[in-house]
Every structure is written in structure tokens, then in C-alpha cells.
file protein_38.cif (mmCIF, C-alpha atoms)
data_run
#
loop_
_atom_site.label_atom_id
_atom_site.label_comp_id
_atom_site.auth_asym_id
_atom_site.auth_seq_id
_atom_site.Cartn_x
_atom_site.Cartn_y
_atom_site.Cartn_z
CA MET N 1 55.04 177.84 225.76
CA ILE N 2 58.69 177.31 224.70
CA GLY N 3 57.55 175.46 221.61
CA GLY N 4 55.33 178.40 220.65
CA CYS N 5 58.21 180.86 221.02
CA LEU N 6 60.48 178.71 218.89
CA SER N 7 57.82 178.52 216.19
CA ASN N 8 57.52 182.33 216.16
CA ILE N 9 61.30 182.73 215.97
CA VAL N 10 61.51 180.26 213.06
CA LEU N 11 58.66 182.09 211.32
CA ILE N 12 60.39 185.48 211.76
CA ILE N 13 63.70 184.09 210.44
CA PHE N 14 61.85 182.57 207.48
CA ILE N 15 60.17 185.91 206.68
CA ILE N 16 63.51 187.78 206.94
CA ILE N 17 65.20 185.27 204.56
CA LEU N 18 62.24 185.50 202.16
CA VAL N 19 62.32 189.33 202.15
CA PHE N 20 66.09 189.28 201.57
CA LEU N 21 65.78 186.85 198.65
CA LEU N 22 62.97 188.91 197.11
CA PHE N 23 65.00 192.13 197.53
CA LYS N 24 68.07 190.50 195.96
CA SER N 25 65.98 189.12 193.07
CA ASN N 26 64.39 192.54 192.48
CA ARG N 27 67.79 194.27 192.46
CA LYS N 28 69.11 191.74 189.95
CA ARG N 29 66.03 192.23 187.74
CA LYS N 30 66.41 196.03 187.83
CA TYR N 31 70.12 195.72 187.06
CA MET N 32 69.39 193.48 184.05
CA GLU N 33 66.66 195.88 182.84
CA THR N 34 69.02 198.87 183.18
CA LYS N 35 71.78 196.95 181.43
CA GLU N 36 69.46 195.93 178.60
CA SER N 37 68.10 199.49 178.29
CA SER N 38 71.64 200.89 178.16
CA LYS N 39 72.59 198.30 175.53
CA THR N 40 69.53 199.19 173.43
CA SER N 41 70.31 202.90 173.73
CA LYS N 42 73.92 202.32 172.63
CA ASN N 43 72.74 200.26 169.65
CA ILE N 44 70.29 203.01 168.60
CA ASN N 45 72.99 205.68 168.91
CA LYS N 46 75.45 203.57 166.89
CA GLU N 47 72.83 203.02 164.18
CA LYS N 48 72.11 206.78 164.05
CA GLY N 49 75.83 207.51 163.87
CA ASP N 50 76.36 205.01 161.03
CA LYS N 51 73.38 206.34 159.07
CA TYR N 52 74.63 209.90 159.47
CA GLU N 53 78.07 208.92 158.15
CA LEU N 54 76.36 207.32 155.13
CA GLN N 55 74.38 210.52 154.58
CA ILE N 56 77.55 212.64 154.66
CA LEU N 57 79.34 210.13 152.42
CA THR N 58 76.55 210.58 149.84
CA TYR N 59 76.73 214.37 150.30
CA TYR N 60 80.41 214.42 149.26
CA LYS N 61 80.02 211.81 146.52
CA ASN N 62 77.37 214.03 144.92
CA GLN N 63 80.00 216.79 144.84
CA GLY N 64 82.41 214.62 142.87
CA TYR N 65 84.59 213.30 145.71
CA LYS N 66 85.82 209.74 146.07
CA VAL N 67 85.02 208.85 149.66
CA TYR N 68 86.57 206.18 151.86
CA PRO N 69 84.19 205.28 154.76
CA GLN N 70 86.85 204.72 157.38
CA GLY N 71 84.44 204.86 160.34
CA LEU N 72 81.99 202.35 158.84
CA ILE N 73 84.77 199.91 157.90
CA LYS N 74 87.04 200.17 160.94
CA GLY N 75 84.49 201.05 163.62
CA LYS N 76 86.19 202.04 166.90
CA ASP N 77 89.58 201.67 165.21
CA ASP N 78 88.92 204.53 162.77
CA GLY N 79 91.38 206.80 164.59
CA GLY N 80 88.78 209.57 164.98
CA ILE N 81 88.45 210.08 161.20
CA ASP N 82 85.04 208.94 159.92
CA LEU N 83 85.44 209.78 156.21
CA VAL N 84 88.38 210.56 153.93
CA ALA N 85 87.25 212.38 150.77
CA TYR N 86 89.48 212.89 147.69
CA LYS N 87 89.05 215.20 144.72
CA ASP N 88 91.99 216.30 142.53
CA SER N 89 94.70 217.53 144.93
CA GLU N 90 92.25 218.07 147.80
CA VAL N 91 91.84 215.66 150.73
CA LEU N 92 89.19 216.11 153.41
CA LEU N 93 89.53 214.48 156.81
CA VAL N 94 85.97 214.37 158.13
CA GLN N 95 84.47 213.67 161.51
CA CYS N 96 80.66 213.37 161.78
CA LYS N 97 78.67 213.97 164.95
CA ASN N 98 74.96 213.16 164.96
CA TRP N 99 74.42 214.70 168.38
CA GLU N 100 70.93 216.05 169.05
CA HIS N 101 71.36 217.37 172.57
CA SER N 102 75.05 217.14 173.55
CA GLN N 103 77.18 220.25 173.13
CA ILE N 104 80.47 220.31 171.22
CA LYS N 105 83.23 221.60 173.44
CA LYS N 106 86.80 222.70 172.83
CA GLU N 107 88.13 219.34 174.04
CA HIS N 108 86.22 217.45 171.31
CA LEU N 109 87.84 219.62 168.64
CA ARG N 110 91.27 219.35 170.24
CA ILE N 111 91.02 215.54 170.08
CA PHE N 112 89.92 215.76 166.43
CA MET N 113 92.96 217.95 165.63
CA GLY N 114 95.23 215.36 167.26
CA ASP N 115 93.58 212.53 165.31
CA CYS N 116 94.08 214.45 162.05
CA THR N 117 97.77 215.00 162.83
CA ALA N 118 98.23 211.30 163.59
CA TYR N 119 96.46 210.30 160.35
CA ILE N 120 98.61 212.65 158.27
CA GLU N 121 101.82 211.31 159.86
CA ASN N 122 100.74 207.68 159.30
CA ASN N 123 99.85 208.34 155.65
CA GLU N 124 102.63 210.76 154.76
CA LYS N 125 103.48 209.18 151.40
CA ASN N 126 99.89 209.13 150.12
CA LEU N 127 99.22 212.69 151.29
CA LYS N 128 102.37 214.27 149.92
CA LYS N 129 101.65 217.49 147.97
CA LYS N 130 97.95 217.28 148.88
CA ASN N 131 95.81 220.17 150.08
CA ILE N 132 94.52 218.71 153.36
CA LYS N 133 91.43 220.13 155.07
CA ARG N 134 89.97 219.19 158.45
CA VAL N 135 86.15 219.12 158.39
CA PHE N 136 83.93 218.75 161.46
CA ILE N 137 80.26 218.08 160.63
CA MET N 138 77.28 218.09 163.01
CA SER N 139 73.58 217.40 162.55
CA ALA N 140 72.66 220.40 164.76
CA GLU N 141 74.48 223.60 165.66
CA ASN N 142 75.41 223.31 169.33
CA LEU N 143 78.85 224.78 170.08
CA ASP N 144 79.97 226.38 173.31
CA TYR N 145 82.03 229.59 173.24
CA GLY N 146 85.37 227.79 173.64
CA ALA N 147 84.63 225.50 170.69
CA LYS N 148 83.70 228.44 168.42
CA LYS N 149 86.94 230.22 169.27
CA PHE N 150 88.98 227.03 168.74
CA LEU N 151 87.46 226.57 165.26
CA GLN N 152 88.49 230.08 164.22
CA GLU N 153 92.01 229.78 165.61
CA ASN N 154 92.78 226.37 164.09
CA LYS N 155 91.20 226.61 160.61
CA ILE N 156 88.80 223.73 161.04
CA GLU N 157 85.95 223.79 158.54
CA TYR N 158 82.65 223.41 160.41
CA LYS N 159 79.37 222.40 158.77
CA VAL N 160 75.83 221.82 160.00
CA ILE N 161 74.02 219.21 157.90
CA PRO N 162 70.70 218.10 159.45
CA TYR N 163 70.11 214.37 159.87
CA ASN N 164 67.72 213.19 157.15
CA TYR N 165 67.08 209.59 158.19
CA GLY N 166 64.50 208.31 160.65
CA THR N 167 61.40 210.38 161.22
CA ILE N 168 60.22 213.69 159.84
CA LYS N 169 58.98 216.13 162.48
CA TYR N 170 55.88 218.33 162.03
CA ASP N 171 54.61 221.33 163.98
CA GLU N 172 51.14 221.32 162.39
CA PHE N 173 48.68 218.71 161.14
CA PHE N 174 45.60 218.24 158.96
CA HIS N 175 42.51 217.04 160.86
CA LYS N 176 40.61 214.91 158.38
CA ALA N 177 37.19 215.02 160.05
CA LYS N 178 37.28 218.81 160.46
CA ASN N 179 39.02 219.42 157.11
CA GLN N 180 41.34 221.97 158.73
CA VAL N 181 45.07 222.45 159.39
CA TYR N 182 45.97 223.10 163.02
CA SER N 183 49.11 223.98 164.94
CA ILE N 184 50.51 221.21 167.15
CA SER N 185 49.47 223.30 170.16
CA PHE N 186 45.86 222.27 169.38
CA LEU N 187 46.74 218.57 169.28
CA ASN N 188 44.23 216.30 170.99
CA THR N 189 45.62 212.80 171.42
CA ASN N 190 42.08 211.33 171.45
CA HIS N 191 41.85 212.00 167.69
CA GLU N 192 45.11 210.42 166.52
CA SER N 193 43.34 208.45 163.79
CA GLU N 194 42.34 211.78 162.18
CA ILE N 195 45.86 213.32 162.07
CA PHE N 196 47.52 213.58 158.63
CA CYS N 197 50.21 215.50 156.72
CA PRO N 198 49.34 219.24 156.65
CA ASP N 199 50.29 219.53 152.96
CA CYS N 200 49.04 216.48 151.04
CA HIS N 201 46.55 215.18 153.66
CA SER N 202 47.59 211.61 152.75
CA ALA N 203 50.41 210.48 155.04
CA HIS N 204 49.21 209.47 158.50
CA LEU N 205 51.10 211.11 161.39
CA TYR N 206 51.76 209.58 164.78
CA VAL N 207 52.25 211.22 168.15
CA LEU N 208 55.49 210.76 170.08
CA ARG N 209 55.14 211.35 173.81
CA ASP N 210 58.33 212.64 175.38
CA LYS N 211 58.91 215.77 177.48
CA ILE N 212 56.66 217.48 174.94
CA LEU N 213 54.25 216.03 172.38
CA SER N 214 55.63 215.88 168.84
CA LEU N 215 54.29 214.73 165.48
CA HIS N 216 56.14 212.47 163.06
CA SER N 217 55.81 210.38 159.92
CA LYS N 218 58.09 207.52 159.03
CA ASP N 219 60.73 208.77 156.58
CA ASN N 220 58.97 210.40 153.60
CA LYS N 221 56.58 207.55 152.84
CA GLY N 222 52.81 207.80 152.39
CA HIS N 223 52.86 211.31 150.92
CA ASP N 224 51.54 212.30 147.51
CA LYS N 225 54.40 212.41 145.02
CA ASN N 226 54.22 216.22 144.70
CA CYS N 227 54.06 216.86 148.46
CA PRO N 228 57.15 218.76 149.76
CA TYR N 229 57.44 216.15 152.54
CA ALA N 230 57.97 213.45 149.90
CA TYR N 231 61.37 215.02 149.11
CA ASP N 232 64.62 214.95 151.05
CA MET N 233 65.26 218.01 153.20
CA ALA N 234 67.93 220.40 151.89
CA SER N 235 71.01 221.04 154.02
CA ASN N 236 72.04 224.50 155.27
CA ASP N 237 74.68 224.76 152.52
CA GLU N 238 72.23 223.74 149.79
CA ILE N 239 69.66 226.33 150.89
CA LYS N 240 72.31 229.03 151.18
CA ASP N 241 73.77 228.21 147.73
CA TYR N 242 70.30 228.32 146.18
CA PHE N 243 69.40 231.74 147.58
CA ASP N 244 72.89 233.10 146.82
CA SER N 245 72.21 232.29 143.16
CA LEU N 246 69.07 234.46 143.10
CA LYS N 247 68.67 238.19 142.62
CA SER N 248 67.12 240.27 145.42
CA ASN N 249 63.71 240.45 143.73
CA GLU N 250 63.75 236.68 143.11
CA ILE N 251 64.55 236.03 146.79
CA TYR N 252 61.63 238.23 147.82
CA GLU N 253 59.22 236.53 145.39
CA LYS N 254 60.27 233.07 146.59
CA THR N 255 59.78 234.09 150.23
CA LYS N 256 56.38 235.63 149.43
CA PHE N 257 55.41 232.42 147.62
CA ILE N 258 56.31 230.47 150.76
CA LEU N 259 54.33 232.88 152.97
CA HIS N 260 51.17 232.37 150.92
CA TYR N 261 51.68 228.61 150.82
CA LEU N 262 52.08 228.30 154.60
CA HIS N 263 49.37 230.78 155.63
CA THR N 264 46.82 232.06 153.13
CA GLN N 265 46.60 228.61 151.47
CA ARG N 266 47.02 226.83 154.80
CA HIS N 267 43.91 224.60 154.84
CA HIS N 268 43.96 223.62 151.15
CA ARG N 269 47.56 223.76 149.97
CA SER N 270 47.93 222.89 146.34
CA THR N 271 50.87 220.66 145.42
CA THR N 272 53.06 223.55 144.33
CA LYS N 273 56.82 223.85 144.43
CA ALA N 274 56.79 226.72 146.94
CA MET N 275 58.79 224.73 149.49
CA LEU N 276 61.19 223.17 146.96
CA ILE N 277 64.59 224.30 145.69
CA GLU N 278 66.93 222.94 143.04
CA THR N 279 70.38 222.02 144.33
CA SER N 280 73.66 222.39 142.42
CA ASP N 281 73.41 218.75 141.30
CA LYS N 282 69.95 219.44 139.78
CA LYS N 283 67.97 217.64 142.49
CA LEU N 284 64.75 218.96 143.99
CA LYS N 285 64.81 219.16 147.79
CA ALA N 286 62.51 220.68 150.38
CA ILE N 287 63.23 223.67 152.61
CA ARG N 288 62.72 222.89 156.27
CA ARG N 289 59.96 224.88 157.94
CA LYS N 290 59.42 225.99 161.50
CA ASN N 291 56.28 227.50 162.99
CA LEU N 292 57.71 230.04 165.40
CA LEU N 293 54.74 229.69 167.74
CA SER N 294 55.60 226.05 168.45
CA TYR N 295 58.25 224.72 170.84
CA ILE N 296 61.80 225.80 169.90
CA ASP N 297 64.12 222.82 170.29
CA LYS N 298 67.82 223.56 170.81
CA LYS N 299 68.78 221.33 167.88
CA GLU N 300 66.56 223.41 165.55
CA ARG N 301 68.56 226.55 166.23
CA GLY N 302 71.16 227.18 163.56
CA GLU N 303 69.11 225.28 160.93
CA ILE N 304 68.26 227.43 157.91
CA SER N 305 64.50 227.09 157.55
CA ALA N 306 61.34 228.81 156.44
CA LEU N 307 60.49 230.45 159.78
CA HIS N 308 56.87 231.54 159.92
CA GLY N 309 53.93 232.48 162.11
CA ILE N 310 51.36 235.13 163.02
CA PHE N 311 52.79 237.91 165.18
CA THR N 312 52.21 241.46 166.29
CA LEU N 313 55.10 243.40 164.73
CA LYS N 314 56.87 246.30 166.36
CA LEU N 315 59.66 248.29 164.72
CA VAL N 316 62.03 249.81 167.27
CA ASN N 317 64.19 252.49 165.65
CA LYS N 318 67.64 253.39 167.00
CA GLU N 319 70.08 255.98 165.66
CA ASN N 320 71.77 253.87 162.96
CA TYR N 321 69.83 250.62 163.13
CA ALA N 322 66.52 249.10 164.19
CA PHE N 323 65.01 245.97 165.70
CA LEU N 324 61.96 244.29 164.24
CA GLU N 325 60.26 242.61 167.20
CA LEU N 326 57.82 239.70 166.89
CA HIS N 327 55.31 239.67 169.75
CA SER N 328 52.73 237.05 170.70
CA LYS N 329 50.23 237.65 173.52
CA GLU N 330 52.11 240.84 174.38
CA VAL N 331 55.38 238.95 174.91
CA LYS N 332 58.43 239.61 172.73
CA LYS N 333 59.32 236.21 171.25
CA PHE N 334 61.84 237.07 168.52
CA TYR N 335 63.76 240.01 167.13
CA ILE N 336 65.61 240.80 163.89
CA TYR N 337 68.49 243.28 163.68
CA LEU N 338 68.25 245.68 160.73
CA THR N 339 70.88 248.13 159.50
CA LYS N 340 69.75 251.71 158.78
CA SER N 341 69.52 251.23 155.00
CA LYS N 342 67.38 248.09 155.40
CA ILE N 343 64.70 249.44 157.75
CA PRO N 344 61.24 248.89 156.16
CA ASN N 345 58.75 251.76 155.97
CA ASN N 346 55.57 249.75 155.46
CA ILE N 347 55.09 248.19 158.91
CA GLN N 348 52.33 249.48 161.16
CA ASN N 349 53.40 248.98 164.74
CA ASN N 350 51.30 246.77 167.00
CA GLU N 351 49.33 245.25 164.12
CA LYS N 352 49.08 241.50 163.43
CA TYR N 353 50.95 240.10 160.42
CA TYR N 354 51.59 236.82 158.68
CA ILE N 355 55.37 236.60 158.41
CA ALA N 356 57.85 234.25 156.70
CA ILE N 357 61.64 234.47 156.94
CA ILE N 358 64.25 232.30 155.26
CA GLY N 359 66.94 232.21 157.89
CA LYS N 360 67.87 230.74 161.25
CA ILE N 361 67.24 231.13 164.95
CA GLU N 362 70.61 231.95 166.46
CA ASN N 363 72.04 229.54 168.99
CA THR N 364 73.31 232.23 171.33
CA GLU N 365 75.20 231.46 174.52
CA ASN N 366 72.97 230.70 177.54
CA ASN N 367 69.84 231.74 175.68
CA ASP N 368 67.18 229.15 176.49
CA LYS N 369 64.28 231.58 176.83
CA PRO N 370 62.78 234.17 174.48
CA PRO N 371 63.34 236.57 172.92
CA PHE N 372 65.43 234.68 170.36
CA LYS N 373 67.42 236.37 167.63
CA ILE N 374 66.55 235.56 164.00
CA THR N 375 69.07 236.12 161.23
CA PRO N 376 67.60 236.18 157.67
CA LEU N 377 69.75 234.78 154.85
CA HIS N 378 69.25 238.04 152.99
CA ILE N 379 67.33 241.25 153.69
CA SER N 380 64.93 240.26 150.88
CA ALA N 381 64.33 236.83 152.46
CA MET N 382 61.52 238.22 154.59
CA SER N 383 57.88 238.67 153.65
CA TYR N 384 54.90 239.85 155.72
CA GLU N 385 51.25 240.70 155.15
CA MET N 386 48.72 242.17 157.55
CA VAL N 387 46.22 239.63 158.85
#

call {"tool": "encode", "arguments": {"input": "protein_38.cif", "output": "C-alpha cells"}}
result
Amino acid sequence: MIGGCLSNIVLIIFIIILVFLLFKSNRKRKYMETKESSKTSKNINKEKGDKYELQILTYYKNQGYKVYPQGLIKGKDDGGIDLVAYKDSEVLLVQCKNWEHSQIKKEHLRIFMGDCTAYIENNEKNLKKKNIKRVFIMSAENLDYGAKKFLQENKIEYKVIPYNYGTIKYDEFFHKAKNQVYSISFLNTNHESEIFCPDCHSAHLYVLRDKILSLHSKDNKGHDKNCPYAYDMASNDEIKDYFDSLKSNEIYEKTKFILHYLHTQRHHRSTTKAMLIETSDKKLKAIRRKNLLSYIDKKERGEISALHGIFTLKLVNKENYAFLELHSKEVKKFYIYLTKSKIPNNIQNNEKYYIAIIGKIENTENNDKPPFKITPLHISAMSYEMV
């Protein structure tokens, strides 16, 4: 009897020790997995940061600057200055932020200002009689109110230059078996082998499963040589400079050309130059595009793009201005502010239109739900045709 009790006690102790050891081993494994995942994430972020600095370095070199890649050479010891660009008597102190989701706050800019002051003091002899500018560059426009105000008060030049490395994102695709172009909202993951570039139909696209499904191709490879996706994407400044160089009628014709390319020629797009522009250094680059009926990512707001879709239009006239509202399924999705002299007289309210706008979706404070405000680059940078 006693022997049986002792055996049970020993067995229970053995089970408790075994459970404890298994629990400890599992905790250690999870810790190592978390540590490895964190390390991988940090390595990916560092690689993205380095590639973005190289992209911005090339951007300034193409404008005739001599650029010292301080961040790439010194790493964490760069003193908060990623690039130092020289041209004639001008010196640019540049910080690059390839942040997709994080918001720039006043404190980030305050630290940058302090780093610039320290750099100037430490290099006083070399910077004597130089015109020094502080430049803060981001891959996506994501500033809070305090940061915007700080930029204005402290004369920091702020630029948004989209990240061009890595993958290209699509919001539509060509289905090879059906010989049709579809919006990403019609994506069926069972037919991934049939999904190709919506323009040239040659580059195979793959599906990335995250919070939402998205379509990508690796860099700009696999496309026909004349496909817009085979070219680098133009930056906000490059698109703005291009359209600033055009007359009003030329802006309208270019926008109309884009409208036809994206909609009336949708299923069989010829390899035209509708989506291409020539930059100041005589290079052809593509205008980003955004189907306004697809998911609006925060990082896409503030990017100058060819915004397009099929909407029911409604012109709401006020005393000295008007709003052009873009509705889908009876819900107001977007609106455009128009001054009195720019109000169109050829829109039939509550009718469906193809529409294309060269402009940006504003990144307004605390605005995560529609309706979103669209700002065209120019009043002529808008074209629409009844469906």
C-alpha cells in the first residue's frame, strides 16, 4: 500500500518536472524565434534605408551636385546627416526617411535641426561663406500638425520622393485566360498563374497576403521594353516640373490621353507613351497611377499620381466656389474644391463618368475614412467622359 503511494508520488513529481522542462524549453524557443524575427526585421529596415539613401544620392547627382554619402559610410555615427550635397556655393544637409507607416513628428525635426547645427559647428572652416540648406526627405507624406508647423517656422526644406526599389505595386491585373483587365477587387487567388501586368501582359504578378491582398512584380523586370512599368517611377518634383512646363491645353491633352489609356483602351493597351514624362535631365519616367476604387493606403496620400476610376459625378455649387463630388454606390468617396472661375459647365449630375486627375489625395489630419480630398496639379489636369 505504502509502496504504491510512493510510486504515485514519484510519478507525479516526474510529470511536474517534465512539464516544467517542456514549458521552459518552449519559452526559450519562442524567445529565440522572436529575437531572430526582430533581427530579420531590423536587417530589412536597414537595407531599405540604405537603398533609399542611394536613390536620393542619385537624385541629387543627376542635378549636378557632388554628394558625400555620410550615412552609408559612417552608419550610426553619421550624426543624423545622411547626405551632404555640394553645388557651387550651396550645401545641402540631407536626412532621408524611408518610413511607410510611421508618422513624422515635431520631435524628429527638432533632433534634425540640432544635428545640422552640430555639423555646421564641427565643419565651420569648410562651410564658411556657403549657402547652407536643411533638407528633410521622406518616401511618403505622413506629417502630423506639429511637424508641419515646425517646418514652416524653421525653414526646413521638405520633399516627398517615393521609394523606387523593391517591388512595384498594382491595383489591377490582366487575366491571361480571360483576356481581360480586372481591378484588384476581383482578384481570385486560385488563378495566380494567370495574373500578369495590366499594360504589357508579359510580366507575371504575384499576390502578397497581408492585412489586404496586394499585387506586385519584382522591380521592373519581365515587362516589354515599351511598357510604362519597365521605367522608373517619377518623383513628385519631377511630375510637377513636367506639368509646370506645359501650357493649359497641353496639360488637358496629356490628361485626356491618360484617361483613354487607362479606361477606353483598358483591355488592349497599346505600348504608347501616355503614362511617360520626360524629366529635366532628358530621361523618360512613368507617372504613378492609382485606381481610386481600390484600397487607399496612407503612404499613397501626398503622392502625385494619375488618379482614375469610374464614378457618379455631382457638382455642388456654393456662392463663390463649388465641390465636385465623386460617388460610388451612392457613397461620396472623394471631392475636389473648385474656385468660381474654374467650375465646369459640362457635367450632368448623377451620371457615371470615366475620370482621370493628375494630382494627389490629401493627407489631412485624422482623415482615415472617405470622403478624401483630391487636389489636382492644375485645373486643366482633369479629364472626364460619360460612360

call {"tool": "atom_distance", "arguments": {"input": "protein_38.cif", "atom1": "atom CA of N:His308", "atom2": "atom CA of N:Glu362"}}
result
15.2 Å

call {"tool": "resolve_selection", "arguments": {"input": "protein_38.cif", "expression": "the PyMOL selection byres ((chain N and resi 358) around 8)", "output": "PyMOL selection string"}}
result
chain N and resi 255+304-307+356-357+359-360+376-378+381-382

call {"tool": "write_last_selection", "arguments": {"input": "protein_38.cif", "atoms": "C-alpha atoms", "output": "tab-separated table (two decimals), keeping the file's coordinate frame"}}
result
chain	number	residue	atom	x	y	z
N	255	THR	CA	59.78	234.09	150.23
N	304	ILE	CA	68.26	227.43	157.91
N	305	SER	CA	64.50	227.09	157.55
N	306	ALA	CA	61.34	228.81	156.44
N	307	LEU	CA	60.49	230.45	159.78
N	356	ALA	CA	57.85	234.25	156.70
N	357	ILE	CA	61.64	234.47	156.94
N	359	GLY	CA	66.94	232.21	157.89
N	360	LYS	CA	67.87	230.74	161.25
N	376	PRO	CA	67.60	236.18	157.67
N	377	LEU	CA	69.75	234.78	154.85
N	378	HIS	CA	69.25	238.04	152.99
N	381	ALA	CA	64.33	236.83	152.46
N	382	MET	CA	61.52	238.22	154.59

call {"tool": "residues_around", "arguments": {"input": "protein_38.cif", "residues": "N:Leu276", "least_positions_apart": "6", "cutoff": "9 Å", "atoms": "all atoms listed in the file", "output": "PyMOL selection string"}}
result
chain N and resi 228+231+234+284-287

call {"tool": "resolve_selection", "arguments": {"input": "protein_38.cif", "expression": "the PyMOL selection byres ((chain N and resi 69) around 10)", "output": "VMD selection string"}}
result
chain N and resid 53 to 54 56 to 57 66 to 68 70 to 75 78 81 to 85 94

call {"tool": "residues_near_point", "arguments": {"input": "protein_38.cif", "point": "(53.2, 214.6, 153.0)", "cutoff": "8 Å", "atoms": "all atoms listed in the file", "output": "list in words"}}
result
Cys197, Pro198, Asp199, Cys200, His201, Ser202, Ala203, Asn220, Lys221, Gly222, His223, Asp224, Cys227, Pro228, Tyr229 and Ala230 of chain N

call {"tool": "residues_around", "arguments": {"input": "protein_38.cif", "residues": "N:Glu303", "least_positions_apart": "4", "cutoff": "10 Å", "atoms": "only C-alpha atoms", "output": "list in words"}}
result
Ser139, Ala140, Glu141, Val160, Ile161, Pro162, Ser235, Asn236, Arg288, Arg289, Lys290, Lys299, Gly359, Lys360, Ile361, Glu362 and Asn363 of chain N

call {"tool": "resolve_selection", "arguments": {"input": "protein_38.cif", "expression": "the PyMOL selection byres ((chain N and resi 156-158) around 6)", "output": "ChimeraX atom specification"}}
result
/N:134-137,151,154-155,159

call {"tool": "closest_residue", "arguments": {"input": "protein_38.cif", "among": "N:Lys106, N:Lys318, N:Lys352, N:Lys169", "to": "N:Asn291", "atoms": "all atoms listed in the file"}}
result
N:Lys169
